[in-house]
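Q: This is coords01.pdb, which holds PDB, C-alpha atoms:
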ATOM      1  CA  MET A 848     257.036  23.871   4.064
ATOM      2  CA  ALA A 849     258.629  27.273   3.512
ATOM      3  CA  THR A 850     259.905  29.259   6.468
ATOM      4  CA  PHE A 851     259.965  33.042   6.435
ATOM      5  CA  PRO A 852     261.853  35.612   8.509
ATOM      6  CA  SER A 853     260.080  38.551  10.048
ATOM      7  CA  ALA A 854     259.564  41.465   7.666
ATOM      8  CA  ARG A 855     258.178  44.295   9.768
ATOM      9  CA  ARG A 856     258.736  46.812   7.015
ATOM     10  CA  LEU A 857     255.873  45.223   5.108
ATOM     11  CA  SER A 858     253.331  45.749   7.838
ATOM     12  CA  PRO A 859     252.470  49.399   7.021
ATOM     13  CA  VAL A 860     251.442  48.320   3.530
ATOM     14  CA  PHE A 861     248.919  45.906   4.958
ATOM     15  CA  ALA A 862     247.841  48.368   7.638
ATOM     16  CA  LEU A 863     246.575  50.625   4.855
ATOM     17  CA  LEU A 864     244.163  47.925   3.718
ATOM     18  CA  ALA A 865     241.751  48.563   6.566
ATOM     19  CA  ILE A 866     241.599  52.260   5.704
ATOM     20  CA  ALA A 867     241.291  51.555   1.988
ATOM     21  CA  SER A 868     238.481  49.046   2.474
ATOM     22  CA  ILE A 869     236.416  51.594   4.382
ATOM     23  CA  ALA A 870     237.036  54.268   1.765
ATOM     24  CA  MET A 871     236.062  51.942  -1.084
ATOM     25  CA  ALA A 872     232.905  50.688   0.548
ATOM     26  CA  GLY A 873     230.956  53.703  -0.688
ATOM     27  CA  PRO A 874     227.658  55.021   0.716
ATOM     28  CA  HIS A 875     225.903  51.641   0.825
ATOM     29  CA  LYS A 876     224.034  50.768   3.987
ATOM     30  CA  ALA A 877     225.669  48.317   6.334
ATOM     31  CA  PRO A 878     224.057  44.871   6.543
ATOM     32  CA  ARG A 879     222.053  44.019   9.612
ATOM     33  CA  LYS A 880     224.639  41.521  10.677
ATOM     34  CA  ALA A 881     228.230  42.249   9.697
ATOM     35  CA  ALA A 882     230.048  39.424   7.987
ATOM     36  CA  PRO A 883     233.155  38.114   9.763
ATOM     37  CA  PRO A 884     236.283  39.946   8.611
ATOM     38  CA  ALA A 885     238.248  38.239   5.864
ATOM     39  CA  LYS A 886     241.479  36.686   7.051
ATOM     40  CA  ARG A 887     244.407  38.751   5.854
ATOM     41  CA  PRO A 888     247.070  37.125   3.713
ATOM     42  CA  ASN A 889     250.317  35.945   5.271
ATOM     43  CA  GLU A 890     252.550  38.975   4.657
ATOM     44  CA  GLN A 891     255.787  37.094   4.122
ATOM     45  CA  ALA A 892     254.195  34.445   1.908
ATOM     46  CA  LEU A 893     252.550  37.069  -0.288
ATOM     47  CA  ALA A 894     255.750  39.104  -0.540
ATOM     48  CA  LEU A 895     257.706  36.003  -1.528
ATOM     49  CA  GLN A 896     255.150  34.886  -4.129
ATOM     50  CA  VAL A 897     255.042  38.321  -5.766
ATOM     51  CA  ALA A 898     258.833  38.684  -5.773
ATOM     52  CA  LEU A 899     259.340  35.214  -7.260
ATOM     53  CA  ASP A 900     256.716  35.910  -9.925
ATOM     54  CA  LYS A 901     258.429  39.195 -10.825
ATOM     55  CA  ALA A 902     261.770  37.393 -11.044
ATOM     56  CA  GLY A 903     260.376  34.839 -13.512
ATOM     57  CA  PHE A 904     260.024  31.973 -11.028
ATOM     58  CA  SER A 905     256.278  31.505 -10.954
ATOM     59  CA  PRO A 906     254.655  30.086  -7.808
ATOM     60  CA  GLY A 907     251.477  29.586  -9.841
ATOM     61  CA  GLU A 908     248.355  31.207  -8.458
ATOM     62  CA  ILE A 909     249.289  33.875  -5.895
ATOM     63  CA  ASP A 910     247.196  33.276  -2.778
ATOM     64  CA  GLY A 911     249.169  34.762   0.118
ATOM     65  CA  ARG A 912     249.657  31.396   1.788
ATOM     66  CA  PRO A 913     252.845  29.329   2.214
ATOM     67  CA  GLY A 914     252.806  26.125   0.199
ATOM     68  CA  ALA A 915     254.646  23.570  -1.902
ATOM     69  CA  PHE A 916     254.537  25.518  -5.178
ATOM     70  CA  THR A 917     256.049  28.589  -3.528
ATOM     71  CA  SER A 918     258.759  26.449  -1.906
ATOM     72  CA  ARG A 919     259.641  24.812  -5.225
ATOM     73  CA  ALA A 920     259.821  28.149  -7.030
ATOM     74  CA  LEU A 921     261.984  29.491  -4.191
ATOM     75  CA  ASP A 922     264.348  26.519  -4.432
ATOM     76  CA  ALA A 923     264.635  27.006  -8.196
ATOM     77  CA  PHE A 924     265.357  30.717  -7.705
ATOM     78  CA  LYS A 925     268.026  30.001  -5.098
ATOM     79  CA  ALA A 926     269.683  27.356  -7.267
ATOM     80  CA  ALA A 927     269.711  29.710 -10.253
ATOM     81  CA  HIS A 928     271.340  32.453  -8.158
ATOM     82  CA  GLY A 929     273.824  30.240  -6.317
ATOM     83  CA  LEU A 930     272.165  30.766  -2.940
ATOM     84  CA  ALA A 931     272.618  28.187  -0.206
ATOM     85  CA  GLY A 932     270.221  27.196   2.551
ATOM     86  CA  ALA A 933     267.633  24.597   3.406
ATOM     87  CA  SER A 934     264.909  23.704   0.953
ATOM     88  CA  GLY A 935     261.993  26.099   1.181
ATOM     89  CA  ALA A 936     263.852  28.430   3.543
ATOM     90  CA  ILE A 937     264.496  32.112   2.924
ATOM     91  CA  ASP A 938     267.270  34.201   4.448
ATOM     92  CA  GLN A 939     268.567  37.737   4.113
ATOM     93  CA  ALA A 940     270.739  36.840   1.117
ATOM     94  CA  THR A 941     267.664  35.558  -0.720
ATOM     95  CA  ILE A 942     265.648  38.625   0.215
ATOM     96  CA  THR A 943     268.435  40.819  -1.139
ATOM     97  CA  ALA A 944     268.503  38.843  -4.394
ATOM     98  CA  LEU A 945     264.723  39.188  -4.760
ATOM     99  CA  GLY A 946     265.053  42.964  -4.603
ATOM    100  CA  ASP A 947     262.428  45.651  -4.116
ATOM    101  CA  ALA A 948     259.578  43.382  -5.185
ATOM    102  CA  TYR A 949     259.829  41.560  -1.847
ATOM    103  CA  GLN A 950     259.523  44.795   0.122
ATOM    104  CA  LYS A 951     256.709  46.240  -2.011
ATOM    105  CA  PRO A 952     254.410  43.335  -2.931
ATOM    106  CA  LEU A 953     251.230  45.379  -3.371
ATOM    107  CA  THR A 954     250.136  48.209  -5.622
ATOM    108  CA  LYS A 955     246.969  50.109  -6.476
ATOM    109  CA  TYR A 956     244.873  49.655  -9.605
ATOM    110  CA  THR A 957     241.941  51.734 -10.805
ATOM    111  CA  ILE A 958     239.212  49.607 -12.363
ATOM    112  CA  THR A 959     238.259  50.747 -15.864
ATOM    113  CA  ALA A 960     234.939  50.567 -17.668
ATOM    114  CA  ALA A 961     236.387  47.885 -19.953
ATOM    115  CA  ASP A 962     237.200  45.718 -16.908
ATOM    116  CA  VAL A 963     233.565  45.457 -15.886
ATOM    117  CA  GLN A 964     231.627  45.703 -19.142
ATOM    118  CA  GLY A 965     231.963  42.032 -20.066
ATOM    119  CA  PRO A 966     230.286  40.262 -21.654
ATOM    120  CA  PHE A 967     230.642  37.655 -18.935
ATOM    121  CA  GLU A 968     229.607  34.012 -19.140
ATOM    122  CA  GLU A 969     228.076  33.455 -15.725
ATOM    123  CA  GLN A 970     227.550  29.749 -16.327
ATOM    124  CA  ILE A 971     230.191  27.768 -18.209
ATOM    125  CA  PRO A 972     229.162  24.107 -18.516
ATOM    126  CA  GLN A 973     231.653  21.325 -17.928
ATOM    127  CA  ASP A 974     230.158  19.203 -20.703
ATOM    128  CA  MET A 975     232.173  19.762 -23.879
ATOM    129  CA  VAL A 976     229.213  19.576 -26.248
ATOM    130  CA  GLU A 977     227.277  22.092 -24.153
ATOM    131  CA  LYS A 978     230.367  24.264 -23.902
ATOM    132  CA  ALA A 979     230.569  24.308 -27.704
ATOM    133  CA  LYS A 980     227.184  26.077 -27.809
ATOM    134  CA  LEU A 981     228.715  29.227 -26.305
ATOM    135  CA  LYS A 982     229.819  31.944 -28.718
ATOM    136  CA  THR A 983     232.772  32.863 -26.542
ATOM    137  CA  LEU A 984     234.590  31.367 -23.586
ATOM    138  CA  GLY A 985     235.166  34.669 -21.810
ATOM    139  CA  TYR A 986     235.485  35.319 -18.122
ATOM    140  CA  SER A 987     232.629  34.518 -15.762
ATOM    141  CA  SER A 988     232.967  37.773 -13.812
ATOM    142  CA  ALA A 989     235.013  40.920 -13.366
ATOM    143  CA  LEU A 990     236.558  39.312 -10.287
ATOM    144  CA  GLU A 991     237.828  36.370 -12.336
ATOM    145  CA  GLU A 992     239.186  38.704 -15.017
ATOM    146  CA  LEU A 993     241.029  40.971 -12.572
ATOM    147  CA  SER A 994     242.357  38.018 -10.572
ATOM    148  CA  GLU A 995     243.858  36.415 -13.656
ATOM    149  CA  ARG A 996     245.357  39.689 -14.845
ATOM    150  CA  PHE A 997     247.229  40.021 -11.558
ATOM    151  CA  HIS A 998     248.089  36.299 -11.264
ATOM    152  CA  ALA A 999     245.998  35.976  -8.130
ATOM    153  CA  LYS A1000     243.494  33.643  -6.584
ATOM    154  CA  PRO A1001     240.104  35.416  -6.537
ATOM    155  CA  ASP A1002     239.935  34.838  -2.805
ATOM    156  CA  LEU A1003     243.122  36.857  -2.393
ATOM    157  CA  LEU A1004     241.689  39.908  -4.161
ATOM    158  CA  THR A1005     238.591  39.613  -1.997
ATOM    159  CA  ARG A1006     240.702  39.474   1.153
ATOM    160  CA  LEU A1007     242.807  42.444   0.047
ATOM    161  CA  ASN A1008     239.680  44.457  -0.794
ATOM    162  CA  PRO A1009     236.953  43.162   1.552
ATOM    163  CA  ASN A1010     234.464  45.971   0.936
ATOM    164  CA  ALA A1011     235.378  47.113  -2.548
ATOM    165  CA  GLN A1012     232.746  47.460  -5.253
ATOM    166  CA  LEU A1013     234.013  46.139  -8.588
ATOM    167  CA  ALA A1014     232.924  49.166 -10.580
ATOM    168  CA  ALA A1015     234.678  51.558 -12.942
ATOM    169  CA  GLY A1016     236.695  54.106 -10.996
ATOM    170  CA  THR A1017     237.162  51.961  -7.890
ATOM    171  CA  ILE A1018     240.764  51.774  -6.677
ATOM    172  CA  ILE A1019     241.736  48.311  -5.488
ATOM    173  CA  THR A1020     244.857  46.721  -4.023
ATOM    174  CA  VAL A1021     246.494  44.045  -6.186
ATOM    175  CA  PRO A1022     249.745  42.064  -6.305
ATOM    176  CA  ALA A1023     252.512  44.180  -7.843
ATOM    177  CA  VAL A1024     253.184  41.778 -10.723
ATOM    178  CA  ASP A1025     253.449  42.468 -14.441
ATOM    179  CA  PRO A1026     249.758  42.305 -15.457
ATOM    180  CA  MET A1027     248.822  39.615 -17.947
ATOM    181  CA  GLN A1028     248.020  40.912 -21.405
ATOM    182  CA  ILE A1029     245.670  38.626 -23.338
ATOM    183  CA  PRO A1030     246.478  38.442 -27.063
ATOM    184  CA  THR A1031     244.383  40.850 -29.088
ATOM    185  CA  ARG A1032     244.306  38.853 -32.314
ATOM    186  CA  GLN A1033     243.618  35.255 -33.131
ATOM    187  CA  GLY A1034     245.726  32.794 -35.079
ATOM    188  CA  GLU A1035     249.308  31.670 -35.545
ATOM    189  CA  ARG A1036     252.017  34.183 -34.755
ATOM    190  CA  PRO A1037     254.114  35.212 -37.766
ATOM    191  CA  ALA A1038     257.681  33.865 -37.638
ATOM    192  CA  ALA A1039     258.989  37.436 -37.862
ATOM    193  CA  GLU A1040     257.484  38.204 -34.466
ATOM    194  CA  THR A1041     259.251  35.319 -32.742
ATOM    195  CA  GLN A1042     262.701  35.417 -34.364
ATOM    196  CA  ASP A1043     264.262  37.217 -31.371
ATOM    197  CA  ALA A1044     262.976  34.646 -28.864
ATOM    198  CA  LYS A1045     265.558  33.973 -26.151
ATOM    199  CA  ALA A1046     264.727  30.399 -25.131
ATOM    200  CA  ALA A1047     267.289  27.777 -26.088
ATOM    201  CA  THR A1048     265.395  24.903 -24.434
ATOM    202  CA  ILE A1049     262.229  24.113 -22.511
ATOM    203  CA  GLU A1050     262.744  21.250 -20.077
ATOM    204  CA  ILE A1051     259.834  19.517 -18.345
ATOM    205  CA  THR A1052     259.948  16.526 -16.037
ATOM    206  CA  LYS A1053     256.979  14.816 -14.452
ATOM    207  CA  GLU A1054     258.835  14.580 -11.142
ATOM    208  CA  SER A1055     259.508  18.320 -10.898
ATOM    209  CA  GLY A1056     256.078  19.324 -12.154
ATOM    210  CA  ALA A1057     257.607  22.415 -13.700
ATOM    211  CA  ALA A1058     258.707  23.922 -17.005
ATOM    212  CA  VAL A1059     262.241  25.311 -16.939
ATOM    213  CA  VAL A1060     263.220  27.623 -19.798
ATOM    214  CA  LYS A1061     266.956  28.188 -20.354
ATOM    215  CA  ASP A1062     268.951  30.442 -22.627
ATOM    216  CA  ALA A1063     271.983  29.478 -24.696
ATOM    217  CA  THR A1064     274.288  29.793 -21.674
ATOM    218  CA  GLY A1065     272.154  27.487 -19.548
ATOM    219  CA  ALA A1066     270.800  30.287 -17.375
ATOM    220  CA  ILE A1067     267.157  29.992 -16.355
ATOM    221  CA  LEU A1068     264.932  32.530 -18.098
ATOM    222  CA  PHE A1069     261.643  31.298 -16.716
ATOM    223  CA  TYR A1070     260.262  28.688 -14.324
ATOM    224  CA  ALA A1071     256.603  27.745 -13.895
ATOM    225  CA  PRO A1072     254.510  24.898 -12.457
ATOM    226  CA  VAL A1073     252.714  22.654 -14.946
ATOM    227  CA  THR A1074     250.215  19.836 -15.085
ATOM    228  CA  VAL A1075     251.351  16.879 -17.168
ATOM    229  CA  GLY A1076     249.720  13.648 -18.325
ATOM    230  CA  SER A1077     248.023  10.852 -16.444
ATOM    231  CA  GLU A1078     248.304   7.063 -16.508
ATOM    232  CA  HIS A1079     245.747   7.098 -19.327
ATOM    233  CA  ASP A1080     247.534   9.845 -21.287
ATOM    234  CA  PRO A1081     251.172   9.831 -20.149
ATOM    235  CA  LEU A1082     253.609  12.640 -20.816
ATOM    236  CA  PRO A1083     255.117  11.993 -24.289
ATOM    237  CA  VAL A1084     258.713  11.592 -23.137
ATOM    238  CA  GLY A1085     261.250  12.555 -25.772
ATOM    239  CA  ASP A1086     262.984  15.410 -27.558
ATOM    240  CA  TRP A1087     260.473  17.566 -29.404
ATOM    241  CA  LYS A1088     260.383  21.079 -30.760
ATOM    242  CA  VAL A1089     257.985  23.995 -31.097
ATOM    243  CA  THR A1090     256.192  24.090 -34.448
ATOM    244  CA  GLY A1091     254.001  27.139 -33.873
ATOM    245  CA  VAL A1092     252.473  29.561 -31.376
ATOM    246  CA  PHE A1093     248.715  30.145 -31.663
ATOM    247  CA  ASP A1094     246.945  33.022 -29.914
ATOM    248  CA  LEU A1095     243.333  32.707 -28.724
ATOM    249  CA  PRO A1096     242.964  29.185 -30.097
ATOM    250  CA  THR A1097     239.661  27.473 -30.664
ATOM    251  CA  PHE A1098     239.489  23.927 -29.335
ATOM    252  CA  SER A1099     238.601  21.024 -31.586
ATOM    253  CA  TYR A1100     236.959  18.505 -29.307
ATOM    254  CA  ASN A1101     237.303  14.941 -30.569
ATOM    255  CA  PRO A1102     235.843  12.418 -28.099
ATOM    256  CA  ASP A1103     237.905   9.656 -29.716
ATOM    257  CA  LEU A1104     241.007  11.231 -28.168
ATOM    258  CA  PHE A1105     239.616  11.337 -24.617
ATOM    259  CA  TRP A1106     239.523   8.129 -22.624
ATOM    260  CA  ASP A1107     236.858   9.599 -20.300
ATOM    261  CA  ALA A1108     234.617  11.118 -22.997
ATOM    262  CA  ASP A1109     230.872  10.604 -23.006
ATOM    263  CA  PRO A1110     230.258   7.852 -25.622
ATOM    264  CA  SER A1111     227.280   9.808 -26.953
ATOM    265  CA  HIS A1112     229.424  12.824 -27.821
ATOM    266  CA  GLY A1113     230.391  13.846 -31.317
ATOM    267  CA  LYS A1114     233.099  16.226 -32.477
ATOM    268  CA  ALA A1115     232.646  19.886 -31.578
ATOM    269  CA  LYS A1116     234.385  23.214 -31.983
ATOM    270  CA  ILE A1117     234.781  25.274 -28.804
ATOM    271  CA  ALA A1118     235.150  29.036 -29.059
ATOM    272  CA  ALA A1119     238.246  30.965 -28.037
ATOM    273  CA  GLY A1120     238.662  32.759 -24.724
ATOM    274  CA  PRO A1121     240.379  32.499 -21.348
ATOM    275  CA  ASN A1122     237.923  29.777 -20.291
ATOM    276  CA  ASN A1123     238.604  27.725 -23.409
ATOM    277  CA  PRO A1124     239.943  24.257 -22.451
ATOM    278  CA  VAL A1125     243.439  25.261 -23.684
ATOM    279  CA  GLY A1126     243.319  28.832 -22.427
ATOM    280  CA  VAL A1127     244.579  31.844 -24.344
ATOM    281  CA  ILE A1128     247.649  30.329 -26.071
ATOM    282  CA  TRP A1129     248.548  26.995 -27.668
ATOM    283  CA  ILE A1130     252.258  26.228 -28.195
ATOM    284  CA  GLN A1131     252.300  23.361 -30.661
ATOM    285  CA  ILE A1132     255.050  20.736 -30.742
ATOM    286  CA  ASN A1133     255.910  18.151 -33.371
ATOM    287  CA  ARG A1134     253.948  15.410 -31.630
ATOM    288  CA  GLU A1135     250.426  15.167 -32.983
ATOM    289  CA  HIS A1136     247.708  16.370 -30.605
ATOM    290  CA  PHE A1137     250.246  17.606 -28.013
ATOM    291  CA  GLY A1138     251.344  21.045 -26.915
ATOM    292  CA  LEU A1139     251.848  23.478 -24.074
ATOM    293  CA  HIS A1140     248.829  25.625 -23.312
ATOM    294  CA  GLY A1141     246.886  27.741 -20.852
ATOM    295  CA  SER A1142     244.053  26.678 -18.586
ATOM    296  CA  PRO A1143     240.622  27.912 -17.466
ATOM    297  CA  GLU A1144     241.355  26.661 -13.937
ATOM    298  CA  PRO A1145     244.623  28.126 -12.596
ATOM    299  CA  SER A1146     244.008  26.691  -9.122
ATOM    300  CA  GLN A1147     244.288  23.159 -10.539
ATOM    301  CA  ILE A1148     247.704  23.537 -12.160
ATOM    302  CA  GLY A1149     250.014  20.934 -10.667
ATOM    303  CA  ARG A1150     247.161  19.427  -8.651
ATOM    304  CA  SER A1151     245.262  17.479 -11.296
ATOM    305  CA  GLU A1152     246.074  15.392 -14.348
ATOM    306  CA  SER A1153     245.850  16.376 -17.993
ATOM    307  CA  HIS A1154     245.080  14.412 -21.125
ATOM    308  CA  GLY A1155     248.776  14.288 -21.979
ATOM    309  CA  CYS A1156     249.492  17.924 -22.808
ATOM    310  CA  ILE A1157     251.405  20.376 -20.651
ATOM    311  CA  ARG A1158     248.980  22.744 -18.960
ATOM    312  CA  MET A1159     249.916  26.073 -17.325
ATOM    313  CA  THR A1160     248.150  29.138 -15.982
ATOM    314  CA  ASN A1161     247.145  31.578 -18.693
ATOM    315  CA  TRP A1162     249.563  34.225 -17.426
ATOM    316  CA  ASP A1163     252.480  31.777 -17.391
ATOM    317  CA  VAL A1164     251.834  30.493 -20.907
ATOM    318  CA  VAL A1165     251.673  34.118 -22.119
ATOM    319  CA  ARG A1166     255.140  34.674 -20.686
ATOM    320  CA  LEU A1167     256.420  31.395 -22.089
ATOM    321  CA  ALA A1168     255.106  32.169 -25.564
ATOM    322  CA  ALA A1169     257.163  35.378 -25.622
ATOM    323  CA  LEU A1170     260.350  33.331 -25.196
ATOM    324  CA  VAL A1171     259.926  30.639 -27.860
ATOM    325  CA  LYS A1172     259.895  30.320 -31.627
ATOM    326  CA  THR A1173     259.486  27.600 -34.219
ATOM    327  CA  GLY A1174     262.279  25.102 -33.617
ATOM    328  CA  THR A1175     262.783  25.749 -29.898
ATOM    329  CA  PRO A1176     263.595  22.339 -28.336
ATOM    330  CA  VAL A1177     261.049  20.940 -25.868
ATOM    331  CA  LEU A1178     262.643  18.216 -23.742
ATOM    332  CA  LEU A1179     260.101  16.036 -21.942
ATOM    333  CA  ARG A1180     261.516  13.683 -19.343
TER     334      ARG A1180
END
How does this structure look as structure tokens?
A:
Amino acid sequence: MATFPSARRLSPVFALLAIASIAMAGPHKAPRKAAPPAKRPNEQALALQVALDKAGFSPGEIDGRPGAFTSRALDAFKAAHGLAGASGAIDQATITALGDAYQKPLTKYTITAADVQGPFEEQIPQDMVEKAKLKTLGYSSALEELSERFHAKPDLLTRLNPNAQLAAGTIITVPAVDPMQIPTRQGERPAAETQDAKAATIEITKESGAAVVKDATGAILFYAPVTVGSEHDPLPVGDWKVTGVFDLPTFSYNPDLFWDADPSHGKAKIAAGPNNPVGVIWIQINREHFGLHGSPEPSQIGRSESHGCIRMTNWDVVRLAALVKTGTPVLLR
């Protein structure tokens, strides 16, 4: 469990939330019985998660609560920067290394018309054959879209903006991360666009539950939690390499490849989108049917099993894809 020092300088940022929530509530009538106030995020936990994310050491879904994924990202950050101290603990030297992002974890964002125009898929079936009937696997709501853009758990955005109306022009408080940019075109990335990729290796171990990207000097460029295989579809241990990066992939569902598939199912093609089973990017490796990819369920990364592939949040796989090229070694241990 991570431990955090006091950080009183952060408090004024959170004190503004009460004022902002009243201002954003608009002229709507108050309900007959006021709902209980949303519990505010843990200030130090949120500051640490945002700062680690900004530094390239992803804690996964930012939720403003201390936890194992934040502790592991913190330990990786400290090891990469030669910082001592107990596992999961943060001291002044670590805060200094994290920089301004730790002191300023929140920022303002004005919702645009594009953010709320959709189209949204309010109901996305779990059944693969039913899912294949949808023309797109877009977001289910503006809240889901904005949460993913700012690497946050939807509950966190709700707690930061308890009375905000998700409408164009509304100013909301969000984690001060680099917003995720979904690819705008579909298909394999041209080799010319990836030739300057900085990753020398991607290392993934089942025990660590993380992808560690290093440059040619051995320095860590990026760290992120992952979900790996299960006893039915174990992680394909070995030395592999990237054979292509595919933006907005469609998903070819073949029930013969899934041990838990419905025996009545046939093959199906599932449309692209952030709620596609492999998310917004597929990083193919030279092991048939395997790759690194995004996920429609960021809260489950590291907490559930996959069908053998390496699954990440959509925002983390977007960052990873910017670092790799055809031939980048992928070391699975």
Q: Mind telling me what the PyMOL selection byres ((chain A and resi 917-928) around 6) catches here, as an MDAnalysis selection string?
A: chainID A and resid 849 904 906 914:916 929:930 935
Q: Here's a test: counting only C-alpha atoms, identify every protein, DNA and RNA residue with an atom at most 12 Å from (270.2, 26.8, -25.9) in the file's coordinate frame, and state them as a list of chain:residue names.
A: A:Ala1044, A:Lys1045, A:Ala1046, A:Ala1047, A:Thr1048, A:Ile1049, A:Glu1050, A:Val1060, A:Lys1061, A:Asp1062, A:Ala1063, A:Thr1064, A:Gly1065, A:Ala1066, A:Ile1067, A:Leu1068, A:Leu1170, A:Val1171, A:Gly1174, A:Thr1175, A:Pro1176, A:Val1177, A:Leu1178
Q: Those selected residues, please, written with C-alpha atoms and delivered as a compact mmCIF listing (two decimals), in the coordinates of the input.
A:
# COMPACT_ATOMS: atom_id res chain seq x y z
CA ALA A 1044 262.98 34.65 -28.86
CA LYS A 1045 265.56 33.97 -26.15
CA ALA A 1046 264.73 30.40 -25.13
CA ALA A 1047 267.29 27.78 -26.09
CA THR A 1048 265.40 24.90 -24.43
CA ILE A 1049 262.23 24.11 -22.51
CA GLU A 1050 262.74 21.25 -20.08
CA VAL A 1060 263.22 27.62 -19.80
CA LYS A 1061 266.96 28.19 -20.35
CA ASP A 1062 268.95 30.44 -22.63
CA ALA A 1063 271.98 29.48 -24.70
CA THR A 1064 274.29 29.79 -21.67
CA GLY A 1065 272.15 27.49 -19.55
CA ALA A 1066 270.80 30.29 -17.38
CA ILE A 1067 267.16 29.99 -16.36
CA LEU A 1068 264.93 32.53 -18.10
CA LEU A 1170 260.35 33.33 -25.20
CA VAL A 1171 259.93 30.64 -27.86
CA GLY A 1174 262.28 25.10 -33.62
CA THR A 1175 262.78 25.75 -29.90
CA PRO A 1176 263.60 22.34 -28.34
CA VAL A 1177 261.05 20.94 -25.87
CA LEU A 1178 262.64 18.22 -23.74
Q: Output as a tab-separated table one row per residue of stretch 1003-1093 of chain A within 6 Å of stretch 1131-1142 of chain A: the closest atom pair and its distance in Å to one decimal place, counting only C-alpha atoms, sorted by chain and residue number ascending.
A:
residue	atom	partner	partner_atom	distance
A:Lys1088	CA	A:Ile1132	CA	5.3
A:Val1089	CA	A:Ile1132	CA	4.4
A:Thr1090	CA	A:Ile1132	CA	5.1
A:Gly1091	CA	A:Gln1131	CA	5.2
Q: As an exercise, work out the distance from atom CA of A:Ile909 to atom CA of A:Leu1003 in Å and give it to one decimal place.
A: 7.7 Å
Q: How many Å separate atom CA of A:Asp947 from atom CA of A:Ala892?
A: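 Spanning atom CA of A:Asp947 to atom CA of A:Ala892 is a straight-line distance of 15.2 Å.
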Q: Could you produce a table of the residues of stretch 987-1042 of chain A lying within 9 Å of stretch 959-969 of chain A, with the nearest pair of atoms per residue and their separation in Å rounded to one decimal, using all atoms listed in the file, ordered by chain and increasing residue number, as a Markdown table?
A:
| residue | atom | partner | partner_atom | distance |
| --- | --- | --- | --- | --- |
| A:Ser987 | CA | A:Glu968 | CA | 4.6 |
| A:Ser988 | CA | A:Phe967 | CA | 5.6 |
| A:Ala989 | CA | A:Val963 | CA | 5.4 |
| A:Leu990 | CA | A:Val963 | CA | 8.8 |
| A:Glu992 | CA | A:Asp962 | CA | 7.5 |
| A:Leu993 | CA | A:Asp962 | CA | 7.5 |
| A:Leu1013 | CA | A:Val963 | CA | 7.3 |
| A:Ala1014 | CA | A:Val963 | CA | 6.5 |
| A:Ala1015 | CA | A:Thr959 | CA | 4.7 |
| A:Gly1016 | CA | A:Thr959 | CA | 6.1 |
| A:Thr1017 | CA | A:Thr959 | CA | 8.1 |
Q: Could you spell out the hits of the PyMOL selection byres ((chain A and resi 1113) around 9) on the shown file, as an MDAnalysis selection string?
A: chainID A and resid 976 1100:1103 1109:1112 1114:1115
Q: Tell me which protein, DNA and RNA residues are within 12 Å of A:Val1125, counting all atoms listed in the file, leaving out same-chain ones fewer than 5 positions away, and put them as an mmCIF file with C-alpha atoms, in the coordinates of the input.
A:
data_model
loop_
_atom_site.group_PDB
_atom_site.id
_atom_site.type_symbol
_atom_site.label_atom_id
_atom_site.label_comp_id
_atom_site.auth_asym_id
_atom_site.auth_seq_id
_atom_site.Cartn_x
_atom_site.Cartn_y
_atom_site.Cartn_z
ATOM 1 C CA LEU A 984 234.590 31.367 -23.586
ATOM 2 C CA PHE A 1093 248.715 30.145 -31.663
ATOM 3 C CA ASP A 1094 246.945 33.022 -29.914
ATOM 4 C CA LEU A 1095 243.333 32.707 -28.724
ATOM 5 C CA PRO A 1096 242.964 29.185 -30.097
ATOM 6 C CA THR A 1097 239.661 27.473 -30.664
ATOM 7 C CA PHE A 1098 239.489 23.927 -29.335
ATOM 8 C CA SER A 1099 238.601 21.024 -31.586
ATOM 9 C CA TYR A 1100 236.959 18.505 -29.307
ATOM 10 C CA ILE A 1117 234.781 25.274 -28.804
ATOM 11 C CA ALA A 1118 235.150 29.036 -29.059
ATOM 12 C CA ALA A 1119 238.246 30.965 -28.037
ATOM 13 C CA GLY A 1120 238.662 32.759 -24.724
ATOM 14 C CA ILE A 1130 252.258 26.228 -28.195
ATOM 15 C CA GLN A 1131 252.300 23.361 -30.661
ATOM 16 C CA PHE A 1137 250.246 17.606 -28.013
ATOM 17 C CA GLY A 1138 251.344 21.045 -26.915
ATOM 18 C CA LEU A 1139 251.848 23.478 -24.074
ATOM 19 C CA HIS A 1140 248.829 25.625 -23.312
ATOM 20 C CA GLY A 1141 246.886 27.741 -20.852
ATOM 21 C CA SER A 1142 244.053 26.678 -18.586
ATOM 22 C CA PRO A 1143 240.622 27.912 -17.466
ATOM 23 C CA GLU A 1144 241.355 26.661 -13.937
ATOM 24 C CA PRO A 1145 244.623 28.126 -12.596
ATOM 25 C CA SER A 1153 245.850 16.376 -17.993
ATOM 26 C CA HIS A 1154 245.080 14.412 -21.125
ATOM 27 C CA CYS A 1156 249.492 17.924 -22.808
ATOM 28 C CA ILE A 1157 251.405 20.376 -20.651
ATOM 29 C CA ARG A 1158 248.980 22.744 -18.960
ATOM 30 C CA MET A 1159 249.916 26.073 -17.325
ATOM 31 C CA THR A 1160 248.150 29.138 -15.982
ATOM 32 C CA ASN A 1161 247.145 31.578 -18.693
ATOM 33 C CA VAL A 1164 251.834 30.493 -20.907
#
Q: With distances taken over only C-alpha atoms, which residue among A:Val1024, A:Leu981, A:Ala1169, A:Leu1179 lies nearest A:Val1075?
A: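 Smallest distance to A:Val1075 is found for A:Leu1179.
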Q: Between A:Val1059, A:Ala1039, A:Val1021, A:Leu1167, which one has atoms that come closest to A:Asp1002, using only C-alpha atoms?
A: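 Ranking A:Val1059, A:Ala1039, A:Val1021, A:Leu1167 by distance to A:Asp1002, first place goes to A:Val1021.
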